[in-house]
file work03.csv (CSV, C-alpha atoms)
chain,number,residue,atom,x,y,z
A,1,MET,CA,97.8,-227.7,65.9
A,2,LEU,CA,95.8,-224.6,66.4
A,3,TYR,CA,95.6,-222.5,69.5
A,4,ALA,CA,92.4,-220.7,70.6
A,5,GLY,CA,92.3,-217.9,73.2
A,6,VAL,CA,88.8,-217.5,74.7
A,7,ASP,CA,88.0,-214.2,76.4
A,8,THR,CA,84.8,-214.9,78.3
A,9,HIS,CA,82.0,-212.5,79.3
A,10,LYS,CA,78.6,-212.9,80.7
A,11,LYS,CA,76.7,-213.2,77.4
A,12,TYR,CA,79.4,-213.8,74.8
A,13,SER,CA,83.0,-214.9,74.3
A,14,ARG,CA,85.6,-213.5,72.0
A,15,VAL,CA,87.6,-216.2,70.4
A,16,VAL,CA,90.9,-215.8,68.4
A,17,VAL,CA,92.6,-218.8,66.8
A,18,THR,CA,96.2,-218.9,65.7
A,19,ASP,CA,98.5,-221.5,64.0
A,20,ASN,CA,101.9,-222.8,65.1
A,21,LEU,CA,103.6,-219.6,63.8
A,22,GLY,CA,101.2,-217.2,65.6
A,23,ASN,CA,99.3,-216.2,62.5
A,24,GLN,CA,95.6,-215.5,63.1
A,25,VAL,CA,93.5,-218.2,61.5
A,26,ALA,CA,90.0,-217.2,62.7
A,27,ARG,CA,88.2,-215.0,65.2
A,28,ALA,CA,84.6,-214.5,66.2
A,29,SER,CA,82.3,-213.3,69.0
A,30,LEU,CA,80.2,-216.3,70.1
A,31,ALA,CA,77.2,-216.6,72.2
A,32,ASN,CA,77.9,-218.7,75.3
A,33,ASP,CA,76.0,-221.8,74.1
A,34,LEU,CA,77.0,-225.2,72.7
A,35,ASP,CA,75.6,-224.6,69.2
A,36,SER,CA,77.7,-221.4,68.6
A,37,PHE,CA,80.9,-222.9,69.9
A,38,SER,CA,80.3,-226.2,68.0
A,39,ASN,CA,79.7,-224.4,64.7
A,40,PHE,CA,82.9,-222.3,65.1
A,41,PHE,CA,85.3,-225.0,66.2
A,42,LEU,CA,84.1,-227.8,63.8
A,43,LYS,CA,84.8,-225.5,60.9
A,44,LEU,CA,88.5,-225.2,61.9
A,45,GLY,CA,89.1,-228.7,60.7
A,46,GLU,CA,92.2,-229.2,62.8
A,47,SER,CA,93.0,-230.4,66.3
A,48,THR,CA,92.8,-227.4,68.6
A,49,ARG,CA,94.0,-226.5,72.1
A,50,ALA,CA,92.0,-223.8,73.9
A,51,VAL,CA,92.5,-221.6,77.0
A,52,VAL,CA,90.0,-219.7,79.1
A,53,GLU,CA,90.6,-217.6,82.1
A,54,ALA,CA,89.1,-218.5,85.5
A,55,GLY,CA,86.2,-216.3,86.2
A,56,ARG,CA,82.5,-216.2,87.1
A,57,ASN,CA,81.3,-218.6,84.4
A,58,TRP,CA,84.4,-220.4,83.4
A,59,GLY,CA,82.9,-223.9,84.1
A,60,ILE,CA,80.3,-223.6,81.4
A,61,ILE,CA,82.8,-222.6,78.7
A,62,TYR,CA,85.5,-225.1,79.9
A,63,ASP,CA,83.0,-228.0,79.8
A,64,MET,CA,81.8,-227.0,76.3
A,65,LEU,CA,85.4,-226.8,75.0
A,66,ASP,CA,86.0,-230.2,76.5
A,67,GLU,CA,82.9,-231.7,75.0
A,68,LEU,CA,83.9,-230.4,71.6
A,69,GLY,CA,87.2,-232.3,71.7
A,70,THR,CA,89.5,-229.4,72.2
A,71,GLU,CA,92.2,-229.6,74.9
A,72,PRO,CA,91.0,-226.9,77.3
A,73,THR,CA,93.3,-225.2,79.8
A,74,LEU,CA,92.2,-223.0,82.6
A,75,ALA,CA,94.4,-219.9,83.2
A,76,ASN,CA,94.9,-218.0,86.4
A,77,PRO,CA,93.9,-214.4,85.5
A,78,LEU,CA,96.0,-212.9,88.3
A,79,LYS,CA,99.1,-214.4,86.8
A,80,THR,CA,98.5,-213.6,83.1
A,81,ARG,CA,100.5,-210.4,83.5
A,82,ALA,CA,100.8,-209.9,79.8
A,83,ILE,CA,97.1,-209.1,79.7
A,84,ALA,CA,96.8,-207.3,83.0
A,85,GLU,CA,99.6,-204.8,82.1
A,86,ALA,CA,98.6,-204.2,78.5
A,87,LYS,CA,98.4,-200.6,77.6
A,88,ILE,CA,95.7,-201.2,74.9
A,89,LYS,CA,93.1,-203.7,76.1
A,90,THR,CA,90.3,-205.1,74.0
A,91,ASP,CA,88.5,-208.4,73.9
A,92,THR,CA,90.3,-209.4,70.7
A,93,ILE,CA,93.7,-208.4,72.0
A,94,ASP,CA,93.1,-210.4,75.3
A,95,ALA,CA,92.0,-213.5,73.3
A,96,HIS,CA,95.0,-213.2,71.0
A,97,THR,CA,97.4,-212.9,73.9
A,98,LEU,CA,95.9,-215.9,75.5
A,99,ALA,CA,96.4,-217.9,72.3
A,100,ASP,CA,100.0,-216.8,72.1
A,101,LEU,CA,100.7,-217.7,75.7
A,102,LEU,CA,99.2,-221.1,75.1
A,103,ARG,CA,101.2,-221.6,72.0
A,104,ALA,CA,104.4,-220.8,73.9
A,105,ASN,CA,103.3,-223.0,76.8
A,106,LEU,CA,103.4,-220.0,79.2
A,107,ILE,CA,99.9,-220.3,80.6
A,108,PRO,CA,99.7,-220.3,84.5
A,109,LYS,CA,97.4,-223.2,84.8
A,110,VAL,CA,94.6,-223.6,87.4
A,111,TYR,CA,93.7,-227.1,88.6
A,112,VAL,CA,90.3,-228.1,87.3
A,113,PRO,CA,88.3,-230.6,89.5
A,114,SER,CA,85.7,-232.9,87.9
A,115,LYS,CA,82.2,-231.7,87.3
A,116,GLN,CA,81.0,-233.8,90.2
A,117,VAL,CA,83.4,-232.2,92.6
A,118,ARG,CA,82.5,-228.8,91.4
A,119,ALA,CA,78.8,-229.5,91.9
A,120,GLN,CA,79.6,-230.8,95.5
A,121,LYS,CA,81.5,-227.5,96.2
A,122,ASP,CA,78.4,-225.6,95.2
A,123,LEU,CA,76.3,-227.5,97.7
A,124,LEU,CA,78.8,-226.9,100.5
A,125,ARG,CA,79.2,-223.2,99.7
A,126,GLN,CA,75.4,-222.8,99.7
A,127,ARG,CA,75.5,-224.1,103.3
A,128,LEU,CA,78.2,-221.7,104.3
A,129,TRP,CA,76.4,-218.8,102.7
A,130,LEU,CA,73.2,-219.7,104.5
A,131,VAL,CA,75.1,-219.8,107.8
A,132,SER,CA,76.4,-216.3,107.2
A,133,ILE,CA,72.9,-215.1,106.5
A,134,ARG,CA,71.7,-216.8,109.6
A,135,THR,CA,74.3,-215.0,111.7
A,136,MET,CA,73.2,-211.7,110.2
A,137,VAL,CA,69.6,-212.4,111.2
A,138,LYS,CA,70.6,-213.4,114.7
A,139,SER,CA,72.6,-210.1,115.1
A,140,ARG,CA,69.5,-208.1,114.0
A,141,ILE,CA,67.4,-209.9,116.6
A,142,HIS,CA,69.9,-209.0,119.3
A,143,HIS,CA,69.9,-205.4,118.1
A,144,ILE,CA,66.0,-205.3,118.4
A,145,LEU,CA,66.2,-206.7,121.9
A,146,ASP,CA,68.9,-204.3,123.0
A,147,ARG,CA,67.3,-201.2,121.7
A,148,ASN,CA,64.1,-202.2,123.6
A,149,HIS,CA,66.1,-203.0,126.8
A,150,VAL,CA,64.7,-206.6,126.9
A,151,ALA,CA,66.2,-208.6,129.8
A,152,MET,CA,65.9,-212.3,129.0
A,153,SER,CA,66.5,-215.2,131.4
A,154,TYR,CA,69.9,-216.9,131.1
A,155,HIS,CA,70.2,-219.3,128.2
A,156,SER,CA,73.4,-220.8,126.8
A,157,ASP,CA,71.8,-220.1,123.4
A,158,ILE,CA,68.9,-217.8,123.2
A,159,PHE,CA,68.0,-219.4,119.9
A,160,GLY,CA,67.8,-222.9,121.4
A,161,LYS,CA,64.5,-224.5,122.4
A,162,ALA,CA,64.0,-222.7,125.7
A,163,GLY,CA,65.3,-219.4,124.4
A,164,ARG,CA,63.0,-219.5,121.4
A,165,GLU,CA,60.0,-220.1,123.6
A,166,GLU,CA,60.9,-217.0,125.6
A,167,LEU,CA,61.5,-214.9,122.5
A,168,SER,CA,58.0,-215.8,121.2
A,169,ARG,CA,56.5,-214.5,124.4
A,170,ILE,CA,58.3,-211.1,124.4
A,171,ASP,CA,56.0,-208.1,124.0
A,172,ILE,CA,57.6,-204.9,122.8
A,173,PRO,CA,56.2,-201.7,121.3
A,174,ALA,CA,55.4,-201.4,117.6
A,175,PRO,CA,57.0,-201.6,115.1
A,176,ASP,CA,59.7,-203.6,116.7
A,177,ASN,CA,57.3,-206.3,117.7
A,178,LEU,CA,56.5,-206.9,114.0
A,179,LEU,CA,60.2,-206.8,113.1
A,180,LEU,CA,61.0,-209.3,115.8
A,181,LYS,CA,58.4,-211.7,114.7
A,182,ALA,CA,59.4,-211.4,111.1
A,183,HIS,CA,63.1,-212.0,111.9
A,184,LEU,CA,62.2,-215.1,113.9
A,185,GLU,CA,60.2,-216.5,110.9
A,186,ILE,CA,63.1,-215.8,108.6
A,187,LEU,CA,65.5,-217.5,111.0
A,188,ASP,CA,63.3,-220.6,111.1
A,189,HIS,CA,63.2,-220.7,107.3
A,190,ILE,CA,67.0,-220.3,107.0
A,191,GLN,CA,67.5,-223.0,109.6
A,192,ASP,CA,65.3,-225.4,107.6
A,193,GLN,CA,67.4,-224.6,104.5
A,194,VAL,CA,70.7,-225.2,106.4
A,195,GLY,CA,69.4,-228.6,107.5
A,196,ASN,CA,68.4,-229.4,103.9
A,197,SER,CA,71.9,-228.4,102.6
A,198,GLU,CA,73.6,-230.5,105.2
A,199,GLN,CA,71.6,-233.5,104.1
A,200,TRP,CA,72.6,-232.8,100.5
A,201,ILE,CA,76.3,-232.6,101.5
A,202,ARG,CA,76.1,-235.9,103.5
A,203,ASP,CA,74.6,-237.6,100.5
A,204,ALA,CA,77.2,-236.1,98.1
A,205,VAL,CA,80.3,-237.2,100.1
A,206,VAL,CA,79.0,-240.5,101.6
A,207,ASP,CA,81.2,-242.5,99.2
A,208,ASN,CA,84.3,-240.4,99.5
A,209,PRO,CA,87.0,-242.4,101.3
A,210,GLY,CA,88.8,-239.3,102.4
A,211,MET,CA,85.9,-238.2,104.6
A,212,ALA,CA,86.4,-241.1,107.1
A,213,ILE,CA,90.1,-240.2,107.3
A,214,LEU,CA,89.6,-236.4,107.8
A,215,ARG,CA,86.9,-236.9,110.5
A,216,THR,CA,89.6,-238.4,112.7
A,217,ILE,CA,91.7,-235.2,112.6
A,218,PRO,CA,91.0,-232.8,115.6
A,219,GLY,CA,88.7,-229.9,114.7
A,220,LEU,CA,87.4,-231.3,111.4
A,221,GLY,CA,83.7,-232.1,111.8
A,222,LYS,CA,81.3,-233.2,109.1
A,223,VAL,CA,81.1,-229.8,107.4
A,224,LEU,CA,84.7,-228.7,107.7
A,225,ALA,CA,85.9,-232.2,106.6
A,226,ALA,CA,83.6,-232.1,103.6
A,227,LEU,CA,84.9,-228.6,102.7
A,228,VAL,CA,88.6,-229.7,103.0
A,229,ILE,CA,88.2,-232.9,101.0
A,230,MET,CA,86.4,-231.1,98.2
A,231,GLU,CA,88.8,-228.2,98.0
A,232,ILE,CA,91.8,-230.6,98.0
A,233,ASP,CA,90.2,-233.1,95.7
A,234,ASP,CA,93.4,-235.1,94.7
A,235,ILE,CA,96.1,-235.0,97.4
A,236,HIS,CA,98.7,-236.3,94.9
A,237,ARG,CA,98.7,-232.9,93.1
A,238,PHE,CA,100.6,-231.6,96.1
A,239,SER,CA,104.1,-233.1,96.3
A,240,SER,CA,104.7,-232.2,100.0
A,241,PRO,CA,102.9,-230.9,103.1
A,242,GLY,CA,104.4,-227.4,102.4
A,243,LYS,CA,102.8,-227.3,99.0
A,244,LEU,CA,99.4,-228.0,100.5
A,245,CYS,CA,100.0,-225.3,103.2
A,246,ALA,CA,100.9,-222.8,100.6
A,247,TYR,CA,97.8,-223.6,98.6
A,248,ALA,CA,95.7,-223.1,101.7
A,249,GLY,CA,97.5,-219.8,102.4
A,250,LEU,CA,98.9,-220.8,105.7
A,251,VAL,CA,102.5,-219.8,105.1
A,252,PRO,CA,103.9,-216.3,105.4
A,253,SER,CA,105.0,-214.2,102.5
A,254,THR,CA,108.8,-214.0,102.1
A,255,TYR,CA,110.9,-211.1,100.9
A,256,ALA,CA,114.6,-211.9,100.2
A,257,SER,CA,117.0,-209.3,98.8
A,258,GLY,CA,120.6,-208.5,99.4
A,259,GLY,CA,121.1,-211.4,101.7
A,260,LYS,CA,118.3,-210.3,104.0
A,261,VAL,CA,115.2,-212.4,104.4
A,262,ARG,CA,112.0,-210.9,105.9
A,263,HIS,CA,108.7,-212.8,106.5
A,264,GLY,CA,105.4,-210.9,106.2
A,265,ARG,CA,101.7,-211.6,106.5
A,266,LEU,CA,100.1,-214.8,105.2
A,267,ILE,CA,100.2,-215.1,101.4
A,268,SER,CA,97.1,-213.5,99.9
A,269,SER,CA,96.9,-215.7,96.7
A,270,CYS,CA,95.4,-218.9,98.0
A,271,ASN,CA,92.4,-221.0,98.4
A,272,ARG,CA,90.4,-218.8,100.9
A,273,TRP,CA,87.9,-221.6,101.6
A,274,LEU,CA,90.6,-224.0,102.7
A,275,ARG,CA,92.3,-221.4,104.9
A,276,TRP,CA,89.1,-220.5,106.6
A,277,ALA,CA,88.3,-224.2,107.2
A,278,TYR,CA,91.7,-224.9,108.9
A,279,VAL,CA,91.6,-221.8,111.0
A,280,GLU,CA,88.1,-222.7,112.2
A,281,ALA,CA,89.3,-226.2,112.8
A,282,ALA,CA,92.2,-224.9,114.8
A,283,TRP,CA,90.0,-223.1,117.3
A,284,ILE,CA,88.0,-226.2,117.8
A,285,ALA,CA,91.0,-228.5,118.0
A,286,GLN,CA,92.7,-226.5,120.8
A,287,ARG,CA,89.6,-227.2,122.9
A,288,THR,CA,89.2,-230.9,122.1
A,289,SER,CA,92.7,-232.2,121.6
A,290,PRO,CA,95.3,-232.3,124.5
A,291,TYR,CA,98.3,-232.1,122.2
A,292,CYS,CA,96.8,-229.3,120.0
A,293,ARG,CA,95.9,-227.4,123.2
A,294,SER,CA,99.5,-227.7,124.4
A,295,TYR,CA,100.8,-226.6,121.0
A,296,TYR,CA,98.4,-223.7,120.9
A,297,GLU,CA,99.2,-222.5,124.4
A,298,ARG,CA,103.0,-222.7,123.8
A,299,ILE,CA,102.8,-220.4,120.8
A,300,LYS,CA,100.1,-218.2,122.4
A,301,ARG,CA,102.5,-217.3,125.2
A,302,ARG,CA,105.0,-215.9,122.7
A,303,LYS,CA,102.9,-214.5,119.8
A,304,GLY,CA,99.3,-214.2,121.0
A,305,ALA,CA,96.1,-216.2,120.3
A,306,ASN,CA,95.6,-215.4,116.7
A,307,SER,CA,99.1,-216.4,115.7
A,308,ALA,CA,98.8,-219.5,117.7
A,309,ALA,CA,95.6,-220.5,115.9
A,310,THR,CA,97.2,-219.8,112.6
A,311,ALA,CA,100.2,-222.0,113.5
A,312,LEU,CA,97.9,-224.8,114.6
A,313,ALA,CA,95.9,-224.5,111.4
A,314,ARG,CA,99.1,-225.1,109.5
A,315,ARG,CA,99.9,-228.1,111.6
A,316,LEU,CA,96.5,-229.5,111.0
A,317,CYS,CA,97.0,-228.9,107.2
A,318,GLU,CA,100.3,-230.8,107.3
A,319,ILE,CA,98.6,-233.7,109.2
A,320,THR,CA,95.9,-233.8,106.5
A,321,TRP,CA,98.6,-234.3,103.8
A,322,TYR,CA,100.2,-237.2,105.6
A,323,CYS,CA,96.9,-238.8,106.4
A,324,LEU,CA,95.5,-238.6,102.9
A,325,ALA,CA,98.7,-239.4,101.1
A,326,ASP,CA,99.3,-242.5,103.2
A,327,LYS,CA,95.5,-243.3,103.5
A,328,ARG,CA,95.8,-243.6,107.2
A,329,THR,CA,93.6,-242.3,110.0
A,330,TYR,CA,94.9,-239.9,112.7
A,331,GLU,CA,95.6,-241.2,116.1
A,332,GLU,CA,96.8,-239.0,119.0
A,333,ARG,CA,99.1,-240.5,121.6
A,334,PRO,CA,99.1,-239.3,125.2
A,335,THR,CA,102.7,-238.1,124.9
A,336,PRO,CA,103.1,-235.7,122.0
A,337,ALA,CA,105.8,-236.5,119.5
A,338,ALA,CA,107.5,-234.1,117.1
A,339,PHE,CA,104.2,-234.0,115.2
A,340,CYS,CA,100.7,-233.5,116.5
A,341,GLY,CA,100.0,-237.2,116.8
A,342,THR,CA,100.8,-240.3,114.8
A,343,TRP,CA,99.0,-242.2,112.1
A,344,SER,CA,98.0,-245.8,112.2
call {"tool": "encode", "arguments": {"input": "work03.csv", "output": "structure tokens"}}
result
Amino acid sequence: MLYAGVDTHKKYSRVVVTDNLGNQVARASLANDLDSFSNFFLKLGESTRAVVEAGRNWGIIYDMLDELGTEPTLANPLKTRAIAEAKIKTDTIDAHTLADLLRANLIPKVYVPSKQVRAQKDLLRQRLWLVSIRTMVKSRIHHILDRNHVAMSYHSDIFGKAGREELSRIDIPAPDNLLLKAHLEILDHIQDQVGNSEQWIRDAVVDNPGMAILRTIPGLGKVLAALVIMEIDDIHRFSSPGKLCAYAGLVPSTYASGGKVRHGRLISSCNRWLRWAYVEAAWIAQRTSPYCRSYYERIKRRKGANSAATALARRLCEITWYCLADKRTYEERPTPAAFCGTWS
């Protein structure tokens, strides 16, 4: 068995191959294309395991290694401390260290979803990115109106149908009149793209059985439910609700020494998309679910609104584990039990 460490960069990858004893068998700088990788690995003539660190373009390299019949492993770069703390750092040394860690079975592995799920994630993150851009454009429109002291009629949403009609009739001095018109056109285009991306997402997850389950949980609408189901992928990779909550970054960091235990902020090494989704869902759930509202208010009185929302987000994450693990929908009873609802 051979072991290959692949140090990946934008245009090329440095590959070092070692044998069972750690002796270097081959090394090369390869262009990030299938032909270059195929020519190199086929010449080795032995079964090979390979490791690549998670990074910007890890998916392309990982899929090529998988297609070539190697046993690819994805490593967590934040936990490969042997590389991070090296005094002398080169591409070759990094690749050789990765190969040695793989040979010793010391690679901190990262879960790799299927290509289909990764493609679905890209669709959903496109939608989230577009929404963030839309928010920026709306803020700039508000700024243009404020600096020209424009007093609009009351609208629950000035970017709704009635508000947009009034915005189109506003006459302000140049050049802000041109800027306002341009921003409104940009907003319309972004809104169209958001609609397109939402349709793509619906088509992508229409056959996912987990969507119907998650849509019954308070706060998880069509977008947040799609995000959660894609980021979790296989619920059975989490042995308990606590494991899922830790993955979502909804548990506090813990410092224990000398018999003293102190809890700090939420852990920073987590799936930030999943944490964001559950916190957003918590703010919605405390308005729409009687029990979640009661749970939120009880903690809010002691610790404040933000801590209450975070605690509710963790509760929703725990509910998600039970629902998906048991393949049951969420049902909330009028009288709250020890948990936020029951499953039927």
call {"tool": "closest_atom_pairs", "arguments": {"input": "work03.csv", "of": "region 81-131 of chain A", "to": "region 225-233 of chain A", "cutoff": "8 Å", "atoms": "all atoms listed in the file", "output": "CSV"}}
result
residue,atom,partner,partner_atom,distance
A:Pro113,CA,A:Asp233,CA,6.9
A:Val117,CA,A:Met230,CA,6.4
A:Gln120,CA,A:Met230,CA,7.3
A:Lys121,CA,A:Met230,CA,6.4
A:Leu124,CA,A:Leu227,CA,6.7
call {"tool": "closest_residue", "arguments": {"input": "work03.csv", "among": "A:Ala86, A:Ile172, A:Ala28, A:Ala119", "to": "Gly59 (chain A)", "atoms": "all atoms listed in the file"}}
result
A:Ala119
call {"tool": "atom_distance", "arguments": {"input": "work03.csv", "atom1": "CA of Thr288 (chain A)", "atom2": "CA of Pro218 (chain A)"}}
result
7.0 Å
call {"tool": "atom_distance", "arguments": {"input": "work03.csv", "atom1": "CA of Tyr278 (chain A)", "atom2": "CA of Ala313 (chain A)"}}
result
4.9 Å
call {"tool": "atom_distance", "arguments": {"input": "work03.csv", "atom1": "CA of Val16 (chain A)", "atom2": "CA of Thr92 (chain A)"}}
result
6.8 Å
call {"tool": "closest_residue", "arguments": {"input": "work03.csv", "among": "A:Lys300, A:Trp321, A:Leu184, A:Tyr295", "to": "Tyr247 (chain A)", "atoms": "all atoms listed in the file"}}
result
A:Trp321
call {"tool": "residues_around", "arguments": {"input": "work03.csv", "residues": "region 49-54 of chain A", "least_positions_apart": "5", "cutoff": "10 Å", "atoms": "all atoms listed in the file", "output": "ChimeraX atom specification"}}
result
/A:1-8,13,15-17,59,61-62,65-66,69-78,80,95,98-99,101-103,107-110,112
call {"tool": "write_last_selection", "arguments": {"input": "work03.csv", "atoms": "C-alpha atoms", "output": "PDB file, in the frame of the given file"}}
result
ATOM      1  CA  MET A   1      97.800-227.700  65.900  1.00  0.00           C
ATOM      2  CA  LEU A   2      95.800-224.600  66.400  1.00  0.00           C
ATOM      3  CA  TYR A   3      95.600-222.500  69.500  1.00  0.00           C
ATOM      4  CA  ALA A   4      92.400-220.700  70.600  1.00  0.00           C
ATOM      5  CA  GLY A   5      92.300-217.900  73.200  1.00  0.00           C
ATOM      6  CA  VAL A   6      88.800-217.500  74.700  1.00  0.00           C
ATOM      7  CA  ASP A   7      88.000-214.200  76.400  1.00  0.00           C
ATOM      8  CA  THR A   8      84.800-214.900  78.300  1.00  0.00           C
ATOM      9  CA  SER A  13      83.000-214.900  74.300  1.00  0.00           C
ATOM     10  CA  VAL A  15      87.600-216.200  70.400  1.00  0.00           C
ATOM     11  CA  VAL A  16      90.900-215.800  68.400  1.00  0.00           C
ATOM     12  CA  VAL A  17      92.600-218.800  66.800  1.00  0.00           C
ATOM     13  CA  GLY A  59      82.900-223.900  84.100  1.00  0.00           C
ATOM     14  CA  ILE A  61      82.800-222.600  78.700  1.00  0.00           C
ATOM     15  CA  TYR A  62      85.500-225.100  79.900  1.00  0.00           C
ATOM     16  CA  LEU A  65      85.400-226.800  75.000  1.00  0.00           C
ATOM     17  CA  ASP A  66      86.000-230.200  76.500  1.00  0.00           C
ATOM     18  CA  GLY A  69      87.200-232.300  71.700  1.00  0.00           C
ATOM     19  CA  THR A  70      89.500-229.400  72.200  1.00  0.00           C
ATOM     20  CA  GLU A  71      92.200-229.600  74.900  1.00  0.00           C
ATOM     21  CA  PRO A  72      91.000-226.900  77.300  1.00  0.00           C
ATOM     22  CA  THR A  73      93.300-225.200  79.800  1.00  0.00           C
ATOM     23  CA  LEU A  74      92.200-223.000  82.600  1.00  0.00           C
ATOM     24  CA  ALA A  75      94.400-219.900  83.200  1.00  0.00           C
ATOM     25  CA  ASN A  76      94.900-218.000  86.400  1.00  0.00           C
ATOM     26  CA  PRO A  77      93.900-214.400  85.500  1.00  0.00           C
ATOM     27  CA  LEU A  78      96.000-212.900  88.300  1.00  0.00           C
ATOM     28  CA  THR A  80      98.500-213.600  83.100  1.00  0.00           C
ATOM     29  CA  ALA A  95      92.000-213.500  73.300  1.00  0.00           C
ATOM     30  CA  LEU A  98      95.900-215.900  75.500  1.00  0.00           C
ATOM     31  CA  ALA A  99      96.400-217.900  72.300  1.00  0.00           C
ATOM     32  CA  LEU A 101     100.700-217.700  75.700  1.00  0.00           C
ATOM     33  CA  LEU A 102      99.200-221.100  75.100  1.00  0.00           C
ATOM     34  CA  ARG A 103     101.200-221.600  72.000  1.00  0.00           C
ATOM     35  CA  ILE A 107      99.900-220.300  80.600  1.00  0.00           C
ATOM     36  CA  PRO A 108      99.700-220.300  84.500  1.00  0.00           C
ATOM     37  CA  LYS A 109      97.400-223.200  84.800  1.00  0.00           C
ATOM     38  CA  VAL A 110      94.600-223.600  87.400  1.00  0.00           C
ATOM     39  CA  VAL A 112      90.300-228.100  87.300  1.00  0.00           C
TER      40      VAL A 112
END
call {"tool": "decode", "arguments": {"input": "work03.csv", "residues": "region 37-92 of chain A", "atoms": "C-alpha atoms", "output": "mmCIF file, in the first residue's frame"}}
result
data_model
loop_
_atom_site.group_PDB
_atom_site.id
_atom_site.type_symbol
_atom_site.label_atom_id
_atom_site.label_comp_id
_atom_site.auth_asym_id
_atom_site.auth_seq_id
_atom_site.Cartn_x
_atom_site.Cartn_y
_atom_site.Cartn_z
ATOM 1 C CA PHE A 37 -3.154 13.023 -12.114
ATOM 2 C CA SER A 38 -3.971 9.929 -14.159
ATOM 3 C CA ASN A 39 -0.483 9.697 -15.702
ATOM 4 C CA PHE A 40 1.161 10.061 -12.289
ATOM 5 C CA PHE A 41 -0.928 7.638 -10.254
ATOM 6 C CA LEU A 42 -1.187 4.932 -12.923
ATOM 7 C CA LYS A 43 2.614 4.736 -13.078
ATOM 8 C CA LEU A 44 2.784 3.875 -9.365
ATOM 9 C CA GLY A 45 1.488 0.378 -10.084
ATOM 10 C CA GLU A 46 0.215 -0.258 -6.543
ATOM 11 C CA SER A 47 -2.967 0.424 -4.614
ATOM 12 C CA THR A 48 -2.786 3.907 -3.150
ATOM 13 C CA ARG A 49 -4.513 5.891 -0.463
ATOM 14 C CA ALA A 50 -4.469 9.669 -0.833
ATOM 15 C CA VAL A 51 -5.227 12.632 1.395
ATOM 16 C CA VAL A 52 -6.051 16.222 0.467
ATOM 17 C CA GLU A 53 -6.819 19.114 2.780
ATOM 18 C CA ALA A 54 -10.182 20.867 2.674
ATOM 19 C CA GLY A 55 -9.804 24.167 0.877
ATOM 20 C CA ARG A 56 -11.159 26.285 -1.921
ATOM 21 C CA ASN A 57 -10.971 23.684 -4.697
ATOM 22 C CA TRP A 58 -10.758 20.429 -2.753
ATOM 23 C CA GLY A 59 -13.833 18.977 -4.485
ATOM 24 C CA ILE A 60 -12.181 18.827 -7.909
ATOM 25 C CA ILE A 61 -9.048 17.122 -6.589
ATOM 26 C CA TYR A 62 -11.005 14.755 -4.349
ATOM 27 C CA ASP A 63 -13.269 13.651 -7.207
ATOM 28 C CA MET A 64 -10.284 13.083 -9.506
ATOM 29 C CA LEU A 65 -8.554 10.929 -6.874
ATOM 30 C CA ASP A 66 -11.757 8.956 -6.387
ATOM 31 C CA GLU A 67 -12.175 8.467 -10.136
ATOM 32 C CA LEU A 68 -8.621 7.147 -10.405
ATOM 33 C CA GLY A 69 -9.357 4.393 -7.900
ATOM 34 C CA THR A 70 -7.370 5.741 -4.970
ATOM 35 C CA GLU A 71 -8.947 5.875 -1.522
ATOM 36 C CA PRO A 72 -9.204 9.641 -1.013
ATOM 37 C CA THR A 73 -9.468 11.196 2.444
ATOM 38 C CA LEU A 74 -10.379 14.816 3.166
ATOM 39 C CA ALA A 75 -8.410 16.355 6.032
ATOM 40 C CA ASN A 76 -9.365 19.223 8.305
ATOM 41 C CA PRO A 77 -6.600 21.833 7.782
ATOM 42 C CA LEU A 78 -7.279 23.473 11.156
ATOM 43 C CA LYS A 79 -6.472 20.230 12.948
ATOM 44 C CA THR A 80 -3.399 19.131 11.041
ATOM 45 C CA ARG A 81 -1.240 20.858 13.619
ATOM 46 C CA ALA A 82 1.896 19.094 12.440
ATOM 47 C CA ILE A 83 1.733 21.212 9.278
ATOM 48 C CA ALA A 84 0.401 24.384 10.850
ATOM 49 C CA GLU A 85 3.205 24.521 13.435
ATOM 50 C CA ALA A 86 6.059 23.494 11.150
ATOM 51 C CA LYS A 87 9.103 25.749 11.410
ATOM 52 C CA ILE A 88 10.105 25.070 7.818
ATOM 53 C CA LYS A 89 7.108 25.009 5.484
ATOM 54 C CA THR A 90 7.225 24.127 1.796
ATOM 55 C CA ASP A 91 4.777 22.413 -0.545
ATOM 56 C CA THR A 92 6.874 19.249 -0.544
#
